[in-house]
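Data block for coords23.tsv (TSV, C-alpha atoms):
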chain	number	residue	atom	x	y	z
O	25	MET	CA	119.63	263.08	176.02
O	26	LYS	CA	116.11	261.70	176.31
O	27	THR	CA	114.43	258.84	174.52
O	28	ASP	CA	110.85	259.09	173.34
O	29	CYS	CA	108.23	256.34	173.37
O	30	ALA	CA	109.39	255.08	169.97
O	31	GLY	CA	112.94	254.67	171.27
O	32	THR	CA	114.16	257.63	169.28
O	33	VAL	CA	116.93	259.76	170.71
O	34	VAL	CA	115.66	263.24	171.39
O	35	PRO	CA	118.66	265.40	172.33
O	36	LEU	CA	116.60	268.54	171.82
O	37	ARG	CA	112.98	269.32	171.20
O	38	ASN	CA	112.02	268.83	167.55
O	39	GLU	CA	111.10	272.51	167.25
O	40	GLN	CA	114.57	273.50	168.45
O	41	MET	CA	116.18	271.18	165.92
O	42	ALA	CA	113.96	272.61	163.16
O	43	ASP	CA	115.15	276.08	164.17
O	44	MET	CA	118.77	274.87	163.98
O	45	LEU	CA	118.09	273.35	160.56
O	46	PHE	CA	116.55	276.57	159.28
O	47	ALA	CA	119.49	278.60	160.66
O	48	ALA	CA	121.88	276.31	158.76
O	49	THR	CA	119.77	276.64	155.59
O	50	GLN	CA	119.60	280.41	155.92
O	51	GLU	CA	123.37	280.68	156.33
O	52	VAL	CA	123.99	278.74	153.10
O	53	PHE	CA	121.48	280.85	151.16
O	54	THR	CA	122.85	284.19	152.35
O	55	SER	CA	126.58	283.28	152.19
O	56	MET	CA	126.78	281.12	149.09
O	57	LEU	CA	123.64	281.66	147.03
O	58	GLY	CA	123.15	285.40	147.46
O	59	SER	CA	119.47	284.91	148.20
O	60	GLU	CA	117.05	285.41	151.03
O	61	VAL	CA	115.10	282.36	152.13
O	62	GLU	CA	111.73	282.30	153.80
O	63	ARG	CA	110.49	279.62	156.15
O	64	LEU	CA	107.15	278.25	155.01
O	65	SER	CA	104.74	275.99	156.87
O	66	GLU	CA	106.29	272.81	158.27
O	67	PRO	CA	106.33	269.88	155.84
O	68	GLY	CA	104.22	266.79	156.41
O	69	ALA	CA	105.33	264.01	158.71
O	70	GLU	CA	106.61	261.81	155.87
O	71	GLN	CA	106.73	261.92	152.11
O	72	THR	CA	103.93	259.50	151.34
O	73	ALA	CA	103.40	260.24	147.65
O	74	SER	CA	106.11	259.97	145.03
O	75	PHE	CA	107.44	263.16	143.49
O	76	ASP	CA	109.39	264.45	140.48
O	77	GLY	CA	112.61	266.36	140.97
O	78	VAL	CA	115.92	266.17	142.80
O	79	LEU	CA	116.61	264.33	146.06
O	80	SER	CA	119.95	264.63	147.84
O	81	LEU	CA	120.85	262.43	150.82
O	82	ILE	CA	123.68	262.48	153.35
O	83	GLY	CA	124.16	259.81	156.01
O	84	LEU	CA	124.92	260.72	159.63
O	85	VAL	CA	126.70	258.37	162.01
O	86	GLY	CA	128.20	258.75	165.46
O	87	ALA	CA	126.40	259.74	168.65
O	88	VAL	CA	123.24	259.39	166.57
O	89	ILE	CA	122.50	257.60	163.30
O	90	GLY	CA	120.32	258.92	160.51
O	91	ASN	CA	120.35	261.07	157.45
O	92	GLY	CA	119.72	264.52	156.10
O	93	SER	CA	117.71	264.97	152.92
O	94	PHE	CA	117.11	267.86	150.55
O	95	VAL	CA	114.29	267.87	148.01
O	96	CYS	CA	113.41	270.36	145.29
O	97	SER	CA	112.01	270.54	141.77
O	98	ALA	CA	114.22	270.39	138.67
O	99	GLU	CA	113.58	274.12	138.11
O	100	ALA	CA	114.61	275.00	141.65
O	101	ALA	CA	117.73	272.81	141.32
O	102	ARG	CA	118.77	274.68	138.15
O	103	ASP	CA	118.12	278.04	139.79
O	104	LEU	CA	120.11	277.12	142.92
O	105	SER	CA	123.02	275.87	140.79
O	106	SER	CA	122.99	279.09	138.76
O	107	ARG	CA	123.17	281.11	141.96
O	108	LEU	CA	126.02	278.99	143.35
O	109	LEU	CA	128.11	278.85	140.18
O	110	MET	CA	127.04	282.08	138.45
O	111	THR	CA	126.29	280.12	135.27
O	112	GLU	CA	122.93	279.48	133.63
O	113	PHE	CA	121.74	275.88	133.39
O	114	SER	CA	119.11	274.88	130.85
O	115	GLN	CA	118.80	271.32	132.15
O	116	VAL	CA	119.61	269.20	135.18
O	117	ASP	CA	123.03	267.82	134.35
O	118	GLU	CA	126.00	266.45	136.31
O	119	GLU	CA	127.03	269.94	137.34
O	120	VAL	CA	123.59	270.75	138.74
O	121	LEU	CA	123.47	267.47	140.67
O	122	ASP	CA	126.95	268.17	142.07
O	123	ALA	CA	125.89	271.68	143.10
O	124	VAL	CA	122.74	270.39	144.84
O	125	GLY	CA	124.87	267.78	146.61
O	126	GLU	CA	127.22	270.50	147.85
O	127	ILE	CA	124.34	272.72	149.00
O	128	THR	CA	122.97	269.73	150.94
O	129	ASN	CA	126.44	269.08	152.35
O	130	MET	CA	126.69	272.63	153.67
O	131	ILE	CA	123.17	272.70	155.15
O	132	VAL	CA	123.39	269.28	156.81
O	133	GLY	CA	126.98	270.07	157.88
O	134	GLY	CA	125.86	273.32	159.50
O	135	PHE	CA	123.10	271.47	161.35
O	136	LYS	CA	125.51	268.70	162.36
O	137	ASN	CA	127.95	271.23	163.82
O	138	LEU	CA	125.17	272.61	166.03
O	139	LEU	CA	123.97	269.12	166.96
O	140	GLU	CA	127.47	267.90	167.90
O	141	ALA	CA	127.64	270.50	170.65
O	142	ARG	CA	124.69	268.70	172.29
O	143	VAL	CA	125.14	265.00	171.55
O	144	GLY	CA	128.82	264.42	170.74
O	145	ARG	CA	130.65	263.58	167.57
O	146	VAL	CA	128.67	262.86	164.41
O	147	GLN	CA	130.23	262.15	161.02
O	148	MET	CA	128.71	262.75	157.60
O	149	SER	CA	128.83	260.64	154.46
O	150	ILE	CA	129.39	262.19	151.07
O	151	PRO	CA	126.12	263.20	149.35
O	152	SER	CA	124.13	260.98	146.97
O	153	VAL	CA	121.92	262.91	144.56
O	154	ILE	CA	119.03	261.45	142.55
O	155	PHE	CA	117.11	263.14	139.75
O	156	GLY	CA	114.02	261.56	138.28
O	157	LYS	CA	110.29	261.07	138.23
O	158	ASN	CA	108.07	259.23	140.69
O	159	ILE	CA	110.73	259.20	143.40
O	160	ALA	CA	109.46	257.55	146.57
O	161	THR	CA	111.40	257.33	149.84
O	162	ARG	CA	111.06	255.14	152.92
O	163	ASN	CA	113.11	255.26	156.11
O	164	SER	CA	113.20	252.18	158.29
O	165	GLY	CA	112.98	253.02	161.96
O	166	ALA	CA	114.03	256.64	161.65
O	167	ASN	CA	111.74	259.40	162.83
O	168	ILE	CA	111.91	262.93	161.54
O	169	ALA	CA	113.81	264.99	164.07
O	170	ALA	CA	113.72	268.23	162.15
O	171	ALA	CA	112.09	269.41	158.94
O	172	VAL	CA	111.80	272.75	157.24
O	173	ARG	CA	110.16	273.89	154.01
O	174	CYS	CA	111.55	277.09	152.58
O	175	GLY	CA	110.76	279.44	149.75
O	176	PHE	CA	113.26	281.48	147.77
O	177	PRO	CA	112.85	283.48	144.52
O	178	GLY	CA	113.63	280.38	142.41
O	179	GLY	CA	111.17	277.99	144.05
O	180	GLU	CA	110.85	275.86	147.17
O	181	ILE	CA	113.05	273.37	149.00
O	182	GLU	CA	112.42	270.90	151.78
O	183	VAL	CA	115.14	269.77	154.19
O	184	LYS	CA	114.69	266.94	156.70
O	185	ILE	CA	116.82	265.27	159.33
O	186	ARG	CA	115.93	261.74	160.43
O	187	LEU	CA	117.58	260.23	163.51
O	188	VAL	CA	117.53	256.99	165.49
O	189	ALA	CA	119.34	255.97	168.65
O	190	ARG	CA	122.57	253.96	168.33
T	22	MET	CA	165.54	285.22	138.02
T	23	GLY	CA	162.10	286.77	137.59
T	24	PHE	CA	159.07	286.29	139.81
T	25	LYS	CA	157.42	282.93	139.30
T	26	PRO	CA	153.67	282.99	140.07
T	27	PRO	CA	152.70	280.31	142.58
T	28	ASN	CA	151.00	277.07	141.54
T	29	LEU	CA	147.99	276.19	143.67
T	30	LEU	CA	146.13	272.96	144.29
T	31	ILE	CA	142.41	272.74	145.11
T	32	VAL	CA	141.27	269.43	146.62
T	33	ASP	CA	137.52	268.85	146.86
T	34	ASP	CA	135.22	266.09	145.64
T	35	SER	CA	132.69	268.72	144.59
T	36	THR	CA	133.35	270.26	141.18
T	37	ALA	CA	131.04	273.12	142.21
T	38	ILE	CA	133.28	274.08	145.13
T	39	ARG	CA	136.41	273.73	142.98
T	40	LYS	CA	134.90	276.16	140.46
T	41	ILE	CA	133.95	278.63	143.19
T	42	LEU	CA	137.46	278.50	144.65
T	43	VAL	CA	139.04	279.09	141.23
T	44	ARG	CA	136.78	282.12	140.83
T	45	VAL	CA	137.70	283.45	144.30
T	46	LEU	CA	141.41	282.91	143.60
T	47	ASN	CA	141.13	284.86	140.34
T	48	GLN	CA	139.38	287.66	142.23
T	49	THR	CA	142.44	288.15	144.47
T	50	GLY	CA	144.03	289.97	141.52
T	51	LEU	CA	147.36	288.36	142.37
T	52	PRO	CA	149.46	286.68	139.70
T	53	LEU	CA	148.80	282.94	139.80
T	54	GLY	CA	150.56	280.07	138.13
T	55	GLN	CA	148.75	276.84	137.42
T	56	VAL	CA	145.61	276.12	139.46
T	57	LEU	CA	145.54	272.33	139.76
T	58	GLU	CA	142.48	270.38	140.89
T	59	ALA	CA	141.97	267.02	142.60
T	60	GLY	CA	138.86	265.16	143.74
T	61	ASP	CA	140.44	263.51	146.80
T	62	GLY	CA	143.67	263.19	148.76
T	63	LYS	CA	145.12	260.44	146.58
T	64	GLU	CA	144.58	262.46	143.42
T	65	ALA	CA	146.10	265.46	145.18
T	66	LEU	CA	149.32	263.59	145.96
T	67	LYS	CA	149.56	262.50	142.31
T	68	GLN	CA	149.02	266.09	141.14
T	69	MET	CA	151.79	267.28	143.44
T	70	GLU	CA	154.36	264.95	141.91
T	71	GLY	CA	156.40	267.06	139.54
T	72	ASN	CA	154.45	270.26	140.22
T	73	ASP	CA	155.90	272.96	142.40
T	74	VAL	CA	152.78	273.67	144.46
T	75	SER	CA	152.92	276.69	146.81
T	76	LEU	CA	149.50	276.45	148.48
T	77	VAL	CA	146.90	273.72	148.97
T	78	LEU	CA	143.20	274.37	149.63
T	79	SER	CA	141.59	271.15	150.82
T	80	ASP	CA	138.21	269.85	151.89
T	81	ILE	CA	138.10	267.29	154.73
T	82	ASN	CA	135.26	264.88	153.88
T	83	MET	CA	136.25	263.18	150.65
T	84	PRO	CA	136.27	259.59	149.35
T	85	ASN	CA	139.45	257.47	149.08
T	86	MET	CA	141.70	259.76	151.12
T	87	ASP	CA	140.18	262.55	153.22
T	88	GLY	CA	141.69	265.96	153.86
T	89	LEU	CA	143.08	265.15	157.30
T	90	GLU	CA	144.87	262.08	155.96
T	91	LEU	CA	146.26	264.19	153.12
T	92	LEU	CA	147.47	266.78	155.64
T	93	ARG	CA	149.04	264.03	157.78
T	94	THR	CA	150.84	262.65	154.71
T	95	LEU	CA	152.13	266.08	153.69
T	96	ARG	CA	153.40	266.92	157.16
T	97	ALA	CA	155.22	263.60	157.35
T	98	SER	CA	157.01	264.30	154.08
T	99	ALA	CA	160.32	266.17	154.02
T	100	GLN	CA	159.35	267.88	150.75
T	101	TRP	CA	155.91	269.13	151.79
T	102	HIS	CA	156.36	269.50	155.54
T	103	ASP	CA	156.11	273.30	155.51
T	104	LEU	CA	153.69	273.72	152.60
T	105	PRO	CA	150.77	276.02	153.53
T	106	VAL	CA	147.52	274.01	153.63
T	107	VAL	CA	144.15	275.70	154.15
T	108	MET	CA	141.29	273.43	155.14
T	109	ILE	CA	137.96	274.56	153.62
T	110	THR	CA	135.20	272.36	154.98
T	111	THR	CA	131.72	272.05	156.46
T	112	GLU	CA	133.33	270.47	159.54
T	113	GLY	CA	133.09	273.30	162.04
T	114	SER	CA	133.17	271.61	165.44
T	115	GLN	CA	135.94	272.79	167.75
T	116	THR	CA	137.25	269.22	168.06
T	117	ARG	CA	137.66	268.86	164.31
T	118	VAL	CA	139.22	272.31	163.93
T	119	GLN	CA	141.70	271.47	166.70
T	120	GLU	CA	142.46	268.14	165.02
T	121	ALA	CA	143.34	269.95	161.79
T	122	VAL	CA	145.42	272.56	163.63
T	123	ASP	CA	147.26	269.83	165.56
T	124	LEU	CA	148.05	268.11	162.26
T	125	GLY	CA	149.55	271.35	160.98
T	126	ALA	CA	146.80	273.10	159.00
T	127	THR	CA	147.87	276.66	158.18
T	128	SER	CA	144.33	278.00	158.28
T	129	TYR	CA	140.77	276.74	158.54
T	130	VAL	CA	137.74	278.09	156.68
T	131	ARG	CA	134.26	276.77	157.35
T	132	LYS	CA	131.77	276.29	154.52
T	133	PRO	CA	129.50	278.11	153.84
T	134	PHE	CA	131.95	280.98	153.49
T	135	SER	CA	131.77	284.60	152.46
T	136	ALA	CA	133.59	284.90	149.13
T	137	ASP	CA	134.92	288.34	150.16
T	138	LEU	CA	136.42	287.09	153.42
T	139	LEU	CA	137.91	284.03	151.75
T	140	ARG	CA	139.37	286.17	148.95
T	141	ASP	CA	141.03	288.47	151.53
T	142	LYS	CA	142.40	285.50	153.48
T	143	LEU	CA	143.81	283.86	150.36
T	144	ALA	CA	145.23	287.16	149.11
T	145	SER	CA	147.00	287.58	152.44
T	146	LEU	CA	148.41	284.03	152.34
T	147	LEU	CA	149.50	284.37	148.72
T	148	SER	CA	151.23	287.70	149.28
T	149	GLN	CA	153.39	286.08	151.92
Just dump the structure as structure tokens.
Amino acid sequence: MKTDCAGTVVPLRNEQMADMLFAATQEVFTSMLGSEVERLSEPGAEQTASFDGVLSLIGLVGAVIGNGSFVCSAEAARDLSSRLLMTEFSQVDEEVLDAVGEITNMIVGGFKNLLEARVGRVQMSIPSVIFGKNIATRNSGANIAAAVRCGFPGGEIEVKIRLVAR
Amino acid sequence: MGFKPPNLLIVDDSTAIRKILVRVLNQTGLPLGQVLEAGDGKEALKQMEGNDVSLVLSDINMPNMDGLELLRTLRASAQWHDLPVVMITTEGSQTRVQEAVDLGATSYVRKPFSADLLRDKLASLLSQ
């Protein structure tokens, strides 16, 4: 493992980690959601402006510390939940938030399994899912290690992994 | 005595995954008894009291009592020592799979899973 000038652990190049993250995302979409997913342009360095929609977060701890996040609009969250559960959802309710949490769990878990082969054991927290307006996020000391923005027939999603050295 | 369809227990903190597993179990076409659900290992142990459970499908990462602790508890019990337990989890590293196998997991399925493959695996386990 290498450390960059900011002291961040860089077990792989960021582009490689983004590829791993997209592979994990693609696997969840094809296996569980019955949908193709397309990789769009890379998201910005950090979410500077607030946004409306659904944010799901999972903590990572072990050989590295950080988190994985999943962001989408309310419409995309309802569409994803419908695909996962084969039920229509007219609003973002508990079931939709649970489904988005599980989708995040599978994507971040898939990425974590690939990462563990390189850096050693990493454990995941259970997901926390937030739905609202004007959501703003800030991460102290954690740099984005991997980020992908994807399109699917029901909208767009953005998945990010932030890591810091132990 | 006639055939008694098996009772099953699904243990996962995600209601979405529990619903998907119920759907997959129904797709096996095999006669099923009660399909019980629990959100963590502690709830699972409570559900098993007084219910003749024939197969457990359990996640690993859960609050209160995780799936490995549940498996350890079942294997240490005279009543549940030989009960088939399938771990269905995002944990896919070889170390974690080995840990579950060493604790006595009957089978291990990584999420995300193909519903068809899972259905075939569960059908095979249930027909035994």
Against chain O, which residues of chain T fall within 10 Å? For each one I want the closest pair of atoms and the distance in Å (one decimal), counting only C-alpha atoms, rows by chain and increasing residue number, as CSV.
residue,atom,partner,partner_atom,distance
T:Asp34,CA,O:Ile150,CA,8.9
T:Ser35,CA,O:Asp122,CA,6.3
T:Thr36,CA,O:Asp122,CA,6.8
T:Ala37,CA,O:Ala123,CA,5.4
T:Ile38,CA,O:Glu126,CA,7.5
T:Lys40,CA,O:Leu109,CA,7.3
T:Ile41,CA,O:Leu109,CA,6.6
T:Arg44,CA,O:Leu109,CA,9.3
T:Asn82,CA,O:Ile150,CA,7.0
T:Met83,CA,O:Ile150,CA,6.9
T:Pro84,CA,O:Ile150,CA,7.6
T:Thr110,CA,O:Met130,CA,8.6
T:Thr111,CA,O:Gly133,CA,5.3
T:Glu112,CA,O:Gly133,CA,6.6
T:Gly113,CA,O:Asn137,CA,5.8
T:Ser114,CA,O:Asn137,CA,5.5
T:Gln115,CA,O:Asn137,CA,9.0
T:Thr116,CA,O:Arg145,CA,8.7
T:Arg117,CA,O:Arg145,CA,9.4
T:Arg131,CA,O:Gly134,CA,9.3
T:Lys132,CA,O:Met130,CA,6.3
T:Pro133,CA,O:Val52,CA,5.6
T:Phe134,CA,O:Ser55,CA,6.0
T:Ser135,CA,O:Ser55,CA,5.4
T:Ala136,CA,O:Met56,CA,7.8
T:Asp137,CA,O:Ser55,CA,10.0
Would you kindly return, as a PDB file with C-alpha atoms, in the frame of the given file, each protein, DNA or RNA residue with an atom no farther than 9 Å from any atom of range 57-74 of chain T, considering all atoms listed in the file and excluding same-chain residues fewer than 6 positions away?
ATOM      1  CA  PRO T  27     152.700 280.310 142.580  1.00  0.00           C
ATOM      2  CA  ASN T  28     151.000 277.070 141.540  1.00  0.00           C
ATOM      3  CA  LEU T  29     147.990 276.190 143.670  1.00  0.00           C
ATOM      4  CA  LEU T  30     146.130 272.960 144.290  1.00  0.00           C
ATOM      5  CA  ILE T  31     142.410 272.740 145.110  1.00  0.00           C
ATOM      6  CA  VAL T  32     141.270 269.430 146.620  1.00  0.00           C
ATOM      7  CA  ASP T  33     137.520 268.850 146.860  1.00  0.00           C
ATOM      8  CA  ASP T  34     135.220 266.090 145.640  1.00  0.00           C
ATOM      9  CA  SER T  35     132.690 268.720 144.590  1.00  0.00           C
ATOM     10  CA  THR T  36     133.350 270.260 141.180  1.00  0.00           C
ATOM     11  CA  ARG T  39     136.410 273.730 142.980  1.00  0.00           C
ATOM     12  CA  ASP T  80     138.210 269.850 151.890  1.00  0.00           C
ATOM     13  CA  ASN T  82     135.260 264.880 153.880  1.00  0.00           C
ATOM     14  CA  MET T  83     136.250 263.180 150.650  1.00  0.00           C
ATOM     15  CA  PRO T  84     136.270 259.590 149.350  1.00  0.00           C
ATOM     16  CA  ASN T  85     139.450 257.470 149.080  1.00  0.00           C
ATOM     17  CA  MET T  86     141.700 259.760 151.120  1.00  0.00           C
ATOM     18  CA  ASP T  87     140.180 262.550 153.220  1.00  0.00           C
ATOM     19  CA  GLY T  88     141.690 265.960 153.860  1.00  0.00           C
ATOM     20  CA  LEU T  89     143.080 265.150 157.300  1.00  0.00           C
ATOM     21  CA  GLU T  90     144.870 262.080 155.960  1.00  0.00           C
ATOM     22  CA  LEU T  91     146.260 264.190 153.120  1.00  0.00           C
ATOM     23  CA  LEU T  92     147.470 266.780 155.640  1.00  0.00           C
ATOM     24  CA  THR T  94     150.840 262.650 154.710  1.00  0.00           C
ATOM     25  CA  LEU T  95     152.130 266.080 153.690  1.00  0.00           C
ATOM     26  CA  LEU T 104     153.690 273.720 152.600  1.00  0.00           C
TER      27      LEU T 104
END
For the atom pair CA of Phe176 in chain O and CA of Leu45 in chain O, what is the interatomic distance in Å to one decimal place?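 Pair CA of Phe176 in chain O / CA of Leu45 in chain O returns 15.9 Å.
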Nearest residue to Lys25 in chain T from the set T:Ala126, T:Val107, T:Ala144, T:Leu51 (distances using only C-alpha atoms):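 Answer, going by the shortest atom-to-atom distance: T:Leu51.
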Using all atoms listed in the file, collect all residues at a distance of at most 8 Å from (122.2, 259.0, 162.4) as written in the file, then present them as a list in words.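 All residues meeting the 8 Å criterion around (122.2, 259.0, 162.4) are Gly83, Leu84, Val85, Gly86, Ala87, Val88, Ile89, Gly90, Asn91, Val146, Arg186, Leu187, Val188, Ala189 and Arg190 of chain O.
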In Å, with one decimal, what is the gap from CA of Arg93 in chain T to CA of Leu146 in chain T?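 If I compute the distance from CA of Arg93 in chain T to CA of Leu146 in chain T, I get 20.7 Å.
Here CA of Ala99 in chain T is placed at a distance of 22.3 Å from CA of Ile81 in chain T.
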I'd like to know which of T:Pro52, T:Asp123, T:Leu143, T:Val130 is closest to Ser79 in chain T, using all atoms listed in the file. T:Val130
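Closest to Ile109 in chain T among T:Phe24, T:Leu78, T:Arg140, T:Asn47 is T:Leu78, based on all atoms listed in the file.
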Quick one: residues within 9 Å of Gly125 in chain T, all atoms listed in the file counted, chain neighbours fewer than 5 positions away excluded, as an MDAnalysis selection string? chainID T and resid 92:93 96 102:103 105:106 120
